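The data block below is entry_4.cif; it holds mmCIF, C-alpha atoms and all ligand atoms.
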```cif
data_target
loop_
_atom_site.label_atom_id
_atom_site.label_comp_id
_atom_site.auth_asym_id
_atom_site.auth_seq_id
_atom_site.Cartn_x
_atom_site.Cartn_y
_atom_site.Cartn_z
CA MET A 10 14.91 12.39 -7.56
CA PRO A 11 16.69 9.72 -9.61
CA ARG A 12 20.23 10.91 -8.82
CA PRO A 13 20.97 8.90 -5.64
CA ALA A 14 20.12 5.59 -7.36
CA ILE A 15 22.11 6.45 -10.47
CA ASP A 16 25.07 7.66 -8.40
CA LEU A 17 24.94 4.53 -6.26
CA PHE A 18 24.90 2.37 -9.40
CA ARG A 19 27.99 4.12 -10.76
CA LYS A 20 29.84 4.01 -7.47
CA THR A 21 29.05 0.34 -6.84
CA PHE A 22 29.41 -1.17 -10.30
CA GLY A 23 31.80 1.30 -11.96
CA THR A 24 29.57 1.79 -15.03
CA THR A 25 26.60 3.89 -16.11
CA PRO A 26 23.15 2.28 -15.69
CA ARG A 27 21.19 1.44 -18.83
CA ALA A 28 17.86 2.72 -17.53
CA ALA A 29 16.18 4.10 -14.43
CA ALA A 30 12.61 4.38 -13.26
CA SER A 31 10.83 5.59 -10.16
CA ALA A 32 7.57 4.68 -8.44
CA PRO A 33 5.70 6.28 -5.54
CA GLY A 34 4.52 5.12 -2.17
CA ARG A 35 0.85 5.59 -1.40
CA VAL A 36 -1.70 6.67 1.12
CA ASN A 37 -5.04 4.95 1.15
CA LEU A 38 -7.88 7.43 1.72
CA ILE A 39 -10.41 4.74 2.61
CA GLY A 40 -11.03 1.03 2.01
CA GLU A 41 -8.87 -0.70 4.62
CA HIS A 42 -8.39 -4.48 4.41
CA THR A 43 -10.90 -4.59 1.57
CA ASP A 44 -8.36 -5.25 -1.19
CA TYR A 45 -7.58 -8.90 -0.47
CA ASN A 46 -11.29 -9.42 0.18
CA GLY A 47 -12.25 -8.35 -3.34
CA GLY A 48 -13.57 -4.92 -2.33
CA PRO A 49 -12.77 -1.36 -3.40
CA VAL A 50 -9.90 0.88 -2.27
CA LEU A 51 -9.35 4.60 -2.78
CA PRO A 52 -5.62 5.41 -2.61
CA ILE A 53 -3.47 8.30 -3.85
CA ALA A 54 0.17 8.09 -4.91
CA ILE A 55 2.39 10.33 -2.77
CA ALA A 56 5.43 12.46 -3.59
CA GLN A 57 7.94 10.10 -1.94
CA ARG A 58 9.36 7.62 -4.43
CA ALA A 59 11.70 4.68 -4.87
CA THR A 60 14.08 4.79 -7.81
CA ALA A 61 15.76 1.79 -9.42
CA ALA A 62 18.73 2.16 -11.76
CA ILE A 63 19.47 -0.97 -13.77
CA GLY A 64 22.13 -2.32 -16.09
CA PRO A 65 23.46 -5.61 -17.45
CA GLY A 66 25.38 -7.95 -15.14
CA ALA A 67 29.15 -8.39 -15.08
CA PRO A 68 30.67 -9.98 -18.21
CA GLY A 69 30.59 -13.78 -17.88
CA ASP A 70 27.80 -13.80 -15.29
CA SER A 71 24.78 -15.95 -16.06
CA GLY A 72 21.45 -15.63 -14.25
CA VAL A 73 22.93 -13.39 -11.55
CA LEU A 74 21.24 -10.52 -9.75
CA GLU A 75 23.47 -7.99 -8.05
CA ALA A 76 21.52 -5.52 -5.95
CA VAL A 77 22.45 -2.59 -3.77
CA SER A 78 20.34 -0.09 -1.83
CA THR A 79 21.28 3.26 -0.30
CA ARG A 80 19.79 1.77 2.84
CA ASP A 81 22.89 -0.31 3.61
CA ASN A 82 25.22 0.00 0.58
CA SER A 83 26.26 -3.68 0.64
CA VAL A 84 25.86 -5.71 -2.55
CA VAL A 85 23.62 -8.77 -2.55
CA ARG A 86 24.66 -11.30 -5.19
CA VAL A 87 22.31 -14.16 -5.98
CA LYS A 88 21.28 -16.59 -8.72
CA TRP A 89 17.77 -15.20 -8.94
CA GLN A 90 16.21 -18.29 -10.51
CA GLU A 91 17.66 -20.78 -8.06
CA GLU A 92 17.53 -19.07 -4.68
CA LEU A 93 15.47 -16.35 -3.13
CA PRO A 94 17.77 -14.01 -1.18
CA GLU A 95 17.06 -13.18 2.44
CA GLY A 96 15.71 -9.69 3.00
CA TRP A 97 14.93 -6.88 0.64
CA ALA A 98 16.60 -8.23 -2.55
CA ALA A 99 13.90 -10.95 -2.59
CA TYR A 100 11.51 -8.31 -4.00
CA LEU A 101 13.88 -7.82 -6.94
CA ALA A 102 14.44 -11.53 -7.49
CA GLY A 103 10.65 -11.95 -7.45
CA VAL A 104 10.28 -9.24 -10.08
CA LEU A 105 12.90 -10.95 -12.28
CA ARG A 106 11.17 -14.31 -11.95
CA GLU A 107 7.84 -12.80 -12.93
CA LEU A 108 9.37 -10.95 -15.90
CA TRP A 109 10.97 -14.21 -16.97
CA SER A 110 7.56 -15.91 -16.92
CA LEU A 111 6.33 -13.14 -19.26
CA ASP A 112 9.37 -13.66 -21.53
CA VAL A 113 10.62 -10.14 -20.85
CA VAL A 114 13.82 -11.32 -19.17
CA PRO A 115 15.78 -14.37 -20.40
CA PRO A 116 16.31 -17.17 -17.86
CA ASP A 117 20.08 -16.65 -17.88
CA GLY A 118 19.79 -12.84 -17.80
CA SER A 119 22.15 -11.09 -15.42
CA VAL A 120 21.24 -7.71 -14.03
CA ARG A 121 22.53 -5.08 -11.67
CA ILE A 122 20.09 -2.92 -9.74
CA ALA A 123 20.77 0.06 -7.48
CA VAL A 124 17.92 1.38 -5.37
CA ALA A 125 17.31 4.62 -3.52
CA SER A 126 14.07 5.54 -1.88
CA ASP A 127 12.63 8.30 0.27
CA VAL A 128 9.50 6.29 1.10
CA PRO A 129 9.91 5.52 4.80
CA ILE A 130 10.05 1.79 5.43
CA GLY A 131 7.31 0.13 7.47
CA ALA A 132 5.43 3.40 7.99
CA GLY A 133 2.32 2.22 6.14
CA LEU A 134 3.24 4.14 2.98
CA SER A 135 4.11 1.06 0.95
CA SER A 136 7.85 1.30 0.48
CA SER A 137 7.79 -2.35 -0.64
CA ALA A 138 5.45 -1.77 -3.60
CA ALA A 139 7.36 1.38 -4.58
CA LEU A 140 10.54 -0.70 -4.68
CA ALA A 141 9.07 -3.54 -6.73
CA VAL A 142 7.16 -1.28 -9.15
CA ALA A 143 10.21 0.95 -9.74
CA ALA A 144 12.37 -2.10 -10.51
CA ALA A 145 9.76 -3.66 -12.81
CA THR A 146 9.26 -0.35 -14.68
CA ALA A 147 13.01 0.05 -15.23
CA LEU A 148 13.45 -3.58 -16.36
CA ALA A 149 10.34 -3.80 -18.56
CA PRO A 150 9.52 -0.40 -20.08
CA SER A 151 7.33 -2.04 -22.74
CA LEU A 152 4.80 -3.42 -20.25
CA ALA A 153 1.58 -1.50 -19.52
CA PRO A 154 1.16 -0.04 -16.01
CA ARG A 155 -1.41 -2.71 -15.14
CA GLN A 156 1.02 -5.44 -16.14
CA ILE A 157 3.77 -3.79 -14.08
CA ALA A 158 1.40 -3.74 -11.10
CA GLY A 159 0.74 -7.47 -11.58
CA VAL A 160 4.44 -8.33 -11.80
CA ALA A 161 5.19 -6.34 -8.63
CA PHE A 162 2.18 -7.82 -6.82
CA ARG A 163 3.15 -11.41 -7.60
CA ALA A 164 6.78 -10.68 -6.66
CA GLU A 165 5.68 -9.56 -3.21
CA HIS A 166 2.83 -12.01 -2.75
CA ASP A 167 4.07 -15.21 -4.36
CA HIS A 168 7.84 -14.89 -3.93
CA VAL A 169 8.48 -12.76 -0.83
CA GLY A 170 5.41 -14.29 0.83
CA VAL A 171 3.59 -11.19 2.10
CA ARG A 172 -0.12 -11.86 1.85
CA CYS A 173 -0.83 -8.36 0.53
CA GLY A 174 -3.62 -7.33 -1.84
CA VAL A 175 -3.15 -5.65 -5.21
CA MET A 176 -3.79 -2.08 -4.06
CA ASP A 177 -0.25 -0.94 -3.29
CA GLN A 178 1.28 -2.02 -6.57
CA THR A 179 -1.72 -0.80 -8.58
CA ILE A 180 -1.71 2.76 -7.28
CA SER A 181 2.09 2.91 -7.50
CA ALA A 182 1.89 1.95 -11.18
CA LEU A 183 -1.34 3.78 -12.16
CA GLY A 184 -1.31 6.87 -9.92
CA LYS A 185 -2.12 10.23 -11.48
CA ARG A 186 -1.25 13.70 -10.19
CA GLY A 187 -4.21 15.40 -8.51
CA HIS A 188 -6.28 12.21 -8.50
CA ALA A 189 -7.32 9.38 -6.23
CA LEU A 190 -7.89 5.96 -7.77
CA LEU A 191 -11.08 4.06 -7.04
CA PHE A 192 -9.93 0.53 -7.64
CA GLU A 193 -12.24 -2.46 -7.46
CA CYS A 194 -9.94 -5.31 -6.51
CA ALA A 195 -12.20 -8.11 -7.76
CA SER A 196 -13.19 -6.71 -11.16
CA LEU A 197 -9.94 -4.66 -11.52
CA GLU A 198 -12.02 -1.69 -12.61
CA ALA A 199 -10.03 1.51 -12.07
CA THR A 200 -11.51 5.04 -11.99
CA GLN A 201 -9.51 8.24 -11.51
CA ILE A 202 -11.28 10.76 -9.27
CA GLY A 203 -10.04 14.33 -8.84
CA PHE A 204 -8.57 14.89 -5.37
CA GLY A 205 -7.23 18.30 -4.41
CA ALA A 206 -8.19 18.40 -0.73
CA ARG A 207 -5.71 19.18 2.02
CA LEU A 208 -4.47 16.05 3.70
CA LEU A 209 -2.06 15.72 6.62
CA LEU A 210 -0.03 12.62 7.26
CA VAL A 211 0.91 11.87 10.84
CA ASP A 212 3.65 9.33 11.39
CA THR A 213 3.23 7.64 14.77
CA GLY A 214 6.81 6.40 14.58
CA LYS A 215 5.66 2.89 15.40
CA ARG A 216 6.90 0.60 12.66
CA HIS A 217 5.31 -2.61 11.46
CA ASP A 218 6.69 -5.47 9.41
CA LEU A 219 3.88 -6.96 7.38
CA SER A 220 5.70 -10.15 6.48
CA THR A 221 4.99 -11.26 10.05
CA GLY A 222 2.06 -10.90 12.39
CA GLY A 223 -1.42 -9.44 12.20
CA LEU A 224 -2.03 -9.14 8.49
CA ASN A 225 -1.56 -12.82 7.72
CA GLN A 226 -3.79 -13.73 10.66
CA ARG A 227 -6.56 -11.41 9.48
CA ARG A 228 -6.37 -12.87 6.00
CA ALA A 229 -6.78 -16.36 7.39
CA GLU A 230 -9.79 -15.18 9.42
CA CYS A 231 -11.39 -13.66 6.32
CA GLU A 232 -10.86 -16.88 4.37
CA GLU A 233 -12.46 -18.82 7.17
CA ALA A 234 -15.42 -16.40 7.20
CA VAL A 235 -15.94 -16.89 3.45
CA LYS A 236 -15.85 -20.67 3.91
CA ARG A 237 -18.63 -20.51 6.51
CA LEU A 238 -20.68 -17.92 4.64
CA LYS A 239 -20.66 -20.13 1.55
CA ILE A 240 -23.09 -22.37 3.42
CA GLU A 241 -25.57 -19.46 3.27
CA LEU A 242 -24.57 -18.19 -0.16
CA PRO A 243 -22.65 -20.84 -2.14
CA GLU A 244 -21.76 -18.48 -5.00
CA LEU A 245 -19.91 -16.11 -2.65
CA ALA A 246 -16.38 -15.73 -4.05
CA TRP A 247 -15.16 -12.73 -2.03
CA LEU A 248 -16.02 -11.61 1.47
CA ALA A 249 -16.58 -8.06 0.16
CA SER A 250 -19.30 -9.38 -2.19
CA TRP A 251 -21.60 -10.27 0.71
CA PRO A 252 -24.66 -7.98 0.28
CA VAL A 253 -24.50 -5.16 2.82
CA GLU A 254 -28.27 -5.38 3.43
CA TRP A 255 -27.69 -8.94 4.63
CA LEU A 256 -25.52 -7.92 7.58
CA PRO A 257 -27.97 -9.35 10.17
CA ARG A 258 -27.78 -12.70 8.41
CA LEU A 259 -23.98 -12.54 8.37
CA LYS A 260 -23.93 -11.80 12.10
CA ARG A 261 -26.08 -14.83 12.79
CA ALA A 262 -23.89 -17.08 10.66
CA LEU A 263 -20.52 -16.22 12.20
CA ARG A 264 -19.03 -16.33 15.65
CA GLU A 265 -16.46 -13.92 17.06
CA PRO A 266 -13.89 -12.92 16.00
CA LEU A 267 -14.93 -13.84 12.44
CA ARG A 268 -18.18 -11.90 12.83
CA SER A 269 -16.44 -8.60 13.61
CA ARG A 270 -13.83 -9.07 10.87
CA ALA A 271 -16.53 -9.75 8.28
CA VAL A 272 -18.78 -6.88 9.39
CA HIS A 273 -15.80 -4.55 8.98
CA VAL A 274 -15.05 -5.79 5.45
CA VAL A 275 -18.65 -5.65 4.23
CA SER A 276 -19.43 -2.24 5.74
CA GLU A 277 -16.06 -0.79 4.69
CA THR A 278 -16.82 -1.89 1.14
CA ALA A 279 -20.11 0.05 1.09
CA ARG A 280 -18.44 3.00 2.83
CA THR A 281 -15.63 3.21 0.29
CA ARG A 282 -17.95 3.22 -2.73
CA PHE A 283 -20.08 5.88 -1.07
CA ALA A 284 -16.96 7.90 -0.21
CA ALA A 285 -15.85 7.86 -3.85
CA GLN A 286 -19.26 9.14 -4.89
CA LEU A 287 -19.07 11.97 -2.33
CA LEU A 288 -15.59 12.91 -3.49
CA ARG A 289 -16.78 13.12 -7.07
CA GLN A 290 -19.54 15.48 -5.92
CA GLY A 291 -17.10 17.60 -3.91
CA LYS A 292 -18.87 16.79 -0.62
CA LEU A 293 -15.74 16.85 1.53
CA LYS A 294 -17.48 17.21 4.86
CA GLN A 295 -19.50 14.03 4.40
CA PHE A 296 -16.46 12.30 2.93
CA GLY A 297 -14.52 13.20 6.10
CA LYS A 298 -17.19 11.67 8.32
CA LEU A 299 -16.72 8.36 6.55
CA LEU A 300 -12.99 8.51 7.35
CA TYR A 301 -13.83 8.68 11.06
CA GLU A 302 -16.28 5.79 10.67
CA SER A 303 -13.68 3.75 8.86
CA HIS A 304 -11.18 4.28 11.67
CA GLU A 305 -13.71 3.26 14.27
CA SER A 306 -14.47 0.08 12.34
CA CYS A 307 -10.75 -0.71 12.03
CA ARG A 308 -10.27 -0.11 15.73
CA ARG A 309 -13.24 -1.96 17.13
CA LEU A 310 -14.04 -4.66 14.58
CA TYR A 311 -10.86 -5.40 12.68
CA GLU A 312 -8.65 -4.62 15.70
CA CYS A 313 -5.84 -3.31 13.56
CA SER A 314 -5.32 0.09 15.18
CA SER A 315 -2.81 1.03 17.87
CA PRO A 316 -3.01 3.40 20.85
CA GLU A 317 -0.80 5.89 18.99
CA LEU A 318 -3.13 5.94 15.97
CA ASP A 319 -6.18 6.31 18.21
CA THR A 320 -4.55 9.27 19.98
CA VAL A 321 -4.01 11.03 16.65
CA VAL A 322 -7.54 10.42 15.38
CA ALA A 323 -9.17 11.50 18.66
CA ALA A 324 -7.08 14.69 18.76
CA ALA A 325 -7.97 15.47 15.14
CA LYS A 326 -11.66 15.07 15.90
CA ARG A 327 -11.46 17.30 18.97
CA ALA A 328 -9.67 19.96 16.91
CA GLY A 329 -12.48 19.92 14.34
CA ALA A 330 -10.72 18.19 11.43
CA LEU A 331 -13.04 17.00 8.64
CA GLY A 332 -11.93 13.39 9.03
CA ALA A 333 -9.09 11.15 10.19
CA ARG A 334 -8.16 7.49 10.16
CA LEU A 335 -5.29 5.04 10.20
CA THR A 336 -3.97 4.23 6.75
CA GLY A 337 -2.05 1.28 5.34
CA ALA A 338 -3.08 -1.84 7.28
CA GLY A 339 -2.57 -0.36 10.75
CA TRP A 340 -0.86 -1.86 13.82
CA GLY A 341 1.24 1.30 13.84
CA GLY A 342 2.41 3.36 10.89
CA ALA A 343 0.61 6.51 9.86
CA ALA A 344 -2.75 8.26 10.11
CA ILE A 345 -4.29 10.68 7.62
CA VAL A 346 -6.17 13.81 8.63
CA LEU A 347 -8.43 15.70 6.23
CA VAL A 348 -8.52 19.43 7.00
CA ASN A 349 -9.95 22.62 5.53
CA LYS A 350 -7.58 24.65 3.34
CA THR A 351 -7.37 27.39 5.99
CA ASP A 352 -7.07 25.10 9.02
CA LYS A 353 -4.17 26.09 11.26
CA LYS A 354 -5.02 24.50 14.55
CA THR A 355 -5.42 20.78 13.87
CA ALA A 356 -1.73 19.95 13.37
CA PRO A 357 -0.53 21.70 16.57
CA ALA A 358 -3.42 20.13 18.53
CA ILE A 359 -2.44 16.63 17.37
CA GLN A 360 1.18 17.38 18.16
CA ARG A 361 0.34 18.48 21.70
CA ALA A 362 -1.85 15.45 22.39
CA PHE A 363 0.76 13.06 21.02
CA GLU A 364 3.62 14.61 23.00
CA ARG A 365 1.56 14.50 26.16
CA ALA A 366 0.79 10.81 25.68
CA TYR A 367 4.12 9.51 24.36
CA GLY A 368 6.72 12.12 25.30
CA ARG A 369 7.93 12.46 21.72
CA PRO A 370 6.76 14.29 18.62
CA ALA A 371 4.86 12.70 15.72
CA PRO A 372 6.16 14.10 12.41
CA ILE A 373 3.33 15.72 10.43
CA SER A 374 3.56 16.45 6.73
CA GLU A 375 1.14 17.43 3.96
CA VAL A 376 0.57 14.96 1.14
CA GLN A 377 -0.46 15.66 -2.41
CA ALA A 378 -1.81 13.19 -4.93
CA SER A 379 1.23 12.58 -7.16
CA ALA A 380 2.21 10.76 -10.34
CA GLY A 381 2.59 6.99 -10.67
CA ALA A 382 5.64 5.09 -11.95
CA HIS A 383 7.62 6.44 -14.86
CA ALA A 384 11.02 6.18 -16.51
CA GLU A 385 13.70 8.61 -15.34
CA ARG A 386 16.32 10.36 -17.43
CA LEU A 387 19.84 9.11 -16.87
CA TYR A 388 21.47 12.44 -17.55
CA ARG A 389 20.84 15.87 -16.13
CA GLN A 390 19.19 18.20 -18.64
P1 LIG B 401 5.81 -0.87 3.88
O1 LIG B 401 4.54 -0.50 4.54
O2 LIG B 401 6.84 0.22 3.98
O3 LIG B 401 5.64 -1.38 2.49
P2 LIG B 401 6.65 -3.59 4.28
O4 LIG B 401 6.97 -4.36 5.52
O5 LIG B 401 5.59 -4.08 3.38
O6 LIG B 401 6.38 -2.09 4.75
O7 LIG B 401 7.95 -3.47 3.37
C1 LIG B 401 9.20 -3.03 3.88
C2 LIG B 401 10.30 -3.84 3.23
O8 LIG B 401 10.50 -3.40 1.86
C3 LIG B 401 11.65 -3.63 3.88
O9 LIG B 401 11.81 -4.49 5.01
C4 LIG B 401 12.60 -3.98 2.75
O10 LIG B 401 12.71 -5.39 2.63
C5 LIG B 401 11.87 -3.46 1.52
N1 LIG B 401 12.32 -2.10 1.14
C6 LIG B 401 11.55 -1.01 0.97
N2 LIG B 401 12.29 0.07 0.58
C7 LIG B 401 13.56 -0.35 0.51
C8 LIG B 401 14.81 0.28 0.17
N3 LIG B 401 14.89 1.57 -0.15
N4 LIG B 401 15.94 -0.47 0.20
C9 LIG B 401 15.87 -1.77 0.54
N5 LIG B 401 14.75 -2.40 0.86
C10 LIG B 401 13.59 -1.72 0.86
MG MG B 402 4.41 -3.07 1.96
#
```
Represent the structure of the file as structure tokens.
Amino acid sequence: MPRPAIDLFRKTFGTTPRAAASAPGRVNLIGEHTDYNGGPVLPIAIAQRATAAIGPGAPGDSGVLEAVSTRDNSVVRVKWQEELPEGWAAYLAGVLRELWSLDVVPPDGSVRIAVASDVPIGAGLSSSAALAVAAATALAPSLAPRQIAGVAFRAEHDHVGVRCGVMDQTISALGKRGHALLFECASLEATQIGFGARLLLVDTGKRHDLSTGGLNQRRAECEEAVKRLKIELPELAWLASWPVEWLPRLKRALREPLRSRAVHVVSETARTRFAAQLLRQGKLKQFGKLLYESHESCRRLYECSSPELDTVVAAAKRAGALGARLTGAGWGGAAIVLVNKTDKKTAPAIQRAFERAYGRPAPISEVQASAGAHAERLYRQ
């Protein structure tokens, strides 16, 4: 759906864009809070996408970014090298800075970017990575998807200051239709695994903003846990690399809350690799069980769930769904529910339970594993 971004570009800047590209949001099947701990994740790209239409800056401008989004239609104008804009345009300035460091964009380059996206913001579906990956793909079509993912990751992590891992940008850049991506965040090994199961997405309507709050605190706790565990195992580089059969030793070495955080990361790492294996073998029932286990670990040990998410997962379990869990960091956002192809009762059961508890509906949609970032045509065929 590139039209809204292209139309917005024309309307705002009075010219035709030079290029456009789109990139998807994502849903993580399993592997929560493992990415920044050097563990595996198993996301799919979803159908909702961000599109960026780009073109050269106004004549006479030097080093200027002009950015507009369908979200508010007002133009942000900033010298992208010298100042980081407040708010969303910081993602774009970060992308430009990273492309400059790769010599893809000249230091005095001026650029206009119009953005449209149907990835809901702050719903745990990674609207931020979709935005950054779409912009990077439009600006640097010669870069490989992995390089695009790196540019978008550093834009968000180093420039905007969200202490995210590399998962969101990687799946947005590398996603493949009908596939989940097993991505090992320490070795960067990426394996496509066929995924055609039926998956529901339940939006709790509770929004999070990851640039503040829980995520940064959890990251600090994980870093602290690694520091202490290095006394036991000096070569430990990542928390996720702690051997799972050494969990008793880990428990002895750490106090709460570091102990619970670390047990979650180490067991979630083993769970995710096992889940990928089960998916490859088509063992959906056992795969679903691991989703429930993952949610329980997020809720009890990592304490990143919310009452709304717990309501959805409990209702899914009661209705007989194969599996369910929060997805995308937690503290609100969305839950996924794995159901049989013929299942008709899980969605209404979740809806009833949610309405009873919160007096409002929770939108439920079906998600399919969709394509990663790609260039868009500027003209209708
Ligand atoms: P999410 O889980 O959706 O990625 P984040 O808090 O990481 O949540 O990122 C949301 C931020 O991304 C928004 O506050 C905004 O700065 C930016 N963003 C995402 N999509 C858009 C858009 N279409 N237009 C403008 N900004 C956007
Ligand atoms: Mg995000």
field: Surrounding residues of Pro266 of chain A excluding itself and chain neighbours under 4 positions, 9 Å, only C-alpha atoms, as a list in words
entry: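 My list of contacting residues is Glu230, Arg270, Ala271, Leu310 and Tyr311 of chain A.
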message: Restricting the calculation to only C-alpha atoms: of A:Ala144, A:Met176, A:Val114, A:Ile359, which residue gets closest to Asp212 of chain A?
response: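 Going through A:Ala144, A:Met176, A:Val114, A:Ile359 one by one, the smallest distance to Asp212 of chain A is for A:Ile359.
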message: What does the list of residues within 6 Å of ligand MG 402 (chain B) look like if you count only C-alpha atoms and all ligand atoms, written as a PyMOL selection string?
response: chain A and resi 135-138
As lines of an AutoDock Vina configuration file: centre and edge lengths in Å, one decimal, of the axis-aligned box holding ligand LIG 401 (chain B) with 3 Å per side:
```
center_x = 10.2
center_y = -1.9
center_z = 2.7
size_x = 17.4
size_y = 13.0
size_z = 11.7
```
Contacts of ligand LIG 401 (chain B), 9 Å or closer, all atoms listed in the file, given as number ranges by chain: A: 34, 59-60, 77-81, 95-100, 124-141, 165, 171, 173, 177, 216-221, 337-338, 342
Dump of C-alpha atoms for the selected residues, as a PDB file, keeping the file's coordinate frame:
```pdb
ATOM      1  CA  GLY A  34       4.520   5.120  -2.170  1.00  0.00           C
ATOM      2  CA  ALA A  59      11.700   4.680  -4.870  1.00  0.00           C
ATOM      3  CA  THR A  60      14.080   4.790  -7.810  1.00  0.00           C
ATOM      4  CA  VAL A  77      22.450  -2.590  -3.770  1.00  0.00           C
ATOM      5  CA  SER A  78      20.340  -0.090  -1.830  1.00  0.00           C
ATOM      6  CA  THR A  79      21.280   3.260  -0.300  1.00  0.00           C
ATOM      7  CA  ARG A  80      19.790   1.770   2.840  1.00  0.00           C
ATOM      8  CA  ASP A  81      22.890  -0.310   3.610  1.00  0.00           C
ATOM      9  CA  GLU A  95      17.060 -13.180   2.440  1.00  0.00           C
ATOM     10  CA  GLY A  96      15.710  -9.690   3.000  1.00  0.00           C
ATOM     11  CA  TRP A  97      14.930  -6.880   0.640  1.00  0.00           C
ATOM     12  CA  ALA A  98      16.600  -8.230  -2.550  1.00  0.00           C
ATOM     13  CA  ALA A  99      13.900 -10.950  -2.590  1.00  0.00           C
ATOM     14  CA  TYR A 100      11.510  -8.310  -4.000  1.00  0.00           C
ATOM     15  CA  VAL A 124      17.920   1.380  -5.370  1.00  0.00           C
ATOM     16  CA  ALA A 125      17.310   4.620  -3.520  1.00  0.00           C
ATOM     17  CA  SER A 126      14.070   5.540  -1.880  1.00  0.00           C
ATOM     18  CA  ASP A 127      12.630   8.300   0.270  1.00  0.00           C
ATOM     19  CA  VAL A 128       9.500   6.290   1.100  1.00  0.00           C
ATOM     20  CA  PRO A 129       9.910   5.520   4.800  1.00  0.00           C
ATOM     21  CA  ILE A 130      10.050   1.790   5.430  1.00  0.00           C
ATOM     22  CA  GLY A 131       7.310   0.130   7.470  1.00  0.00           C
ATOM     23  CA  ALA A 132       5.430   3.400   7.990  1.00  0.00           C
ATOM     24  CA  GLY A 133       2.320   2.220   6.140  1.00  0.00           C
ATOM     25  CA  LEU A 134       3.240   4.140   2.980  1.00  0.00           C
ATOM     26  CA  SER A 135       4.110   1.060   0.950  1.00  0.00           C
ATOM     27  CA  SER A 136       7.850   1.300   0.480  1.00  0.00           C
ATOM     28  CA  SER A 137       7.790  -2.350  -0.640  1.00  0.00           C
ATOM     29  CA  ALA A 138       5.450  -1.770  -3.600  1.00  0.00           C
ATOM     30  CA  ALA A 139       7.360   1.380  -4.580  1.00  0.00           C
ATOM     31  CA  LEU A 140      10.540  -0.700  -4.680  1.00  0.00           C
ATOM     32  CA  ALA A 141       9.070  -3.540  -6.730  1.00  0.00           C
ATOM     33  CA  GLU A 165       5.680  -9.560  -3.210  1.00  0.00           C
ATOM     34  CA  VAL A 171       3.590 -11.190   2.100  1.00  0.00           C
ATOM     35  CA  CYS A 173      -0.830  -8.360   0.530  1.00  0.00           C
ATOM     36  CA  ASP A 177      -0.250  -0.940  -3.290  1.00  0.00           C
ATOM     37  CA  ARG A 216       6.900   0.600  12.660  1.00  0.00           C
ATOM     38  CA  HIS A 217       5.310  -2.610  11.460  1.00  0.00           C
ATOM     39  CA  ASP A 218       6.690  -5.470   9.410  1.00  0.00           C
ATOM     40  CA  LEU A 219       3.880  -6.960   7.380  1.00  0.00           C
ATOM     41  CA  SER A 220       5.700 -10.150   6.480  1.00  0.00           C
ATOM     42  CA  THR A 221       4.990 -11.260  10.050  1.00  0.00           C
ATOM     43  CA  GLY A 337      -2.050   1.280   5.340  1.00  0.00           C
ATOM     44  CA  ALA A 338      -3.080  -1.840   7.280  1.00  0.00           C
ATOM     45  CA  GLY A 342       2.410   3.360  10.890  1.00  0.00           C
TER      46      GLY A 342
END
```
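Excluding Leu197 of chain A itself and same-chain residues fewer than 3 positions from it, the residues having an atom within 12 Å of it are A:Asp44, A:Gly47, A:Gly48, A:Pro49, A:Val50, A:Arg155, A:Gln156, A:Ala158, A:Gly159, A:Gly174, A:Val175, A:Met176, A:Thr179, A:Ile180, A:Leu190, A:Leu191, A:Phe192, A:Glu193, A:Cys194, A:Thr200, counting all atoms listed in the file.
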Write a file of the selected residues as a short mmCIF file (atom, residue, chain, number, x, y, z; two decimals), in the coordinates of the input, keeping C-alpha atoms.
```cif
data_model
loop_
_atom_site.label_atom_id
_atom_site.label_comp_id
_atom_site.auth_asym_id
_atom_site.auth_seq_id
_atom_site.Cartn_x
_atom_site.Cartn_y
_atom_site.Cartn_z
CA ASP A 44 -8.36 -5.25 -1.19
CA GLY A 47 -12.25 -8.35 -3.34
CA GLY A 48 -13.57 -4.92 -2.33
CA PRO A 49 -12.77 -1.36 -3.40
CA VAL A 50 -9.90 0.88 -2.27
CA ARG A 155 -1.41 -2.71 -15.14
CA GLN A 156 1.02 -5.44 -16.14
CA ALA A 158 1.40 -3.74 -11.10
CA GLY A 159 0.74 -7.47 -11.58
CA GLY A 174 -3.62 -7.33 -1.84
CA VAL A 175 -3.15 -5.65 -5.21
CA MET A 176 -3.79 -2.08 -4.06
CA THR A 179 -1.72 -0.80 -8.58
CA ILE A 180 -1.71 2.76 -7.28
CA LEU A 190 -7.89 5.96 -7.77
CA LEU A 191 -11.08 4.06 -7.04
CA PHE A 192 -9.93 0.53 -7.64
CA GLU A 193 -12.24 -2.46 -7.46
CA CYS A 194 -9.94 -5.31 -6.51
CA THR A 200 -11.51 5.04 -11.99
#
```
field: Within 12 Å of file point (-24.6, -8.8, 9.3), counting all atoms listed in the file, expressed as a list in words
entry: Leu238, Leu248, Trp251, Pro252, Val253, Glu254, Trp255, Leu256, Pro257, Arg258, Leu259, Lys260, Arg261, Ala262, Leu263, Arg264, Leu267, Arg268, Ser269, Arg270, Ala271, Val272, His273, Val274, Val275 and Ser276 of chain A
- request: Fewer than 6 positions away in the same chain doesn't count, so skip those; otherwise give me all residues within 12 Å of segment 68-70 of chain A, counting only C-alpha atoms, as a ChimeraX atom specification.
  value: /A:22,86-89,117-121
message: Env of Ala14 of chain A: 6 Å cut, atoms = all atoms listed in the file, seq-sep filter 2 positions within chain, self excluded. Answer as a PyMOL selection string.
response: chain A and resi 11-12+16-17+62+123-125
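Take atom CA of Leu318 of chain A and atom CA of Gly40 of chain A: the distance between them is 16.8 Å.
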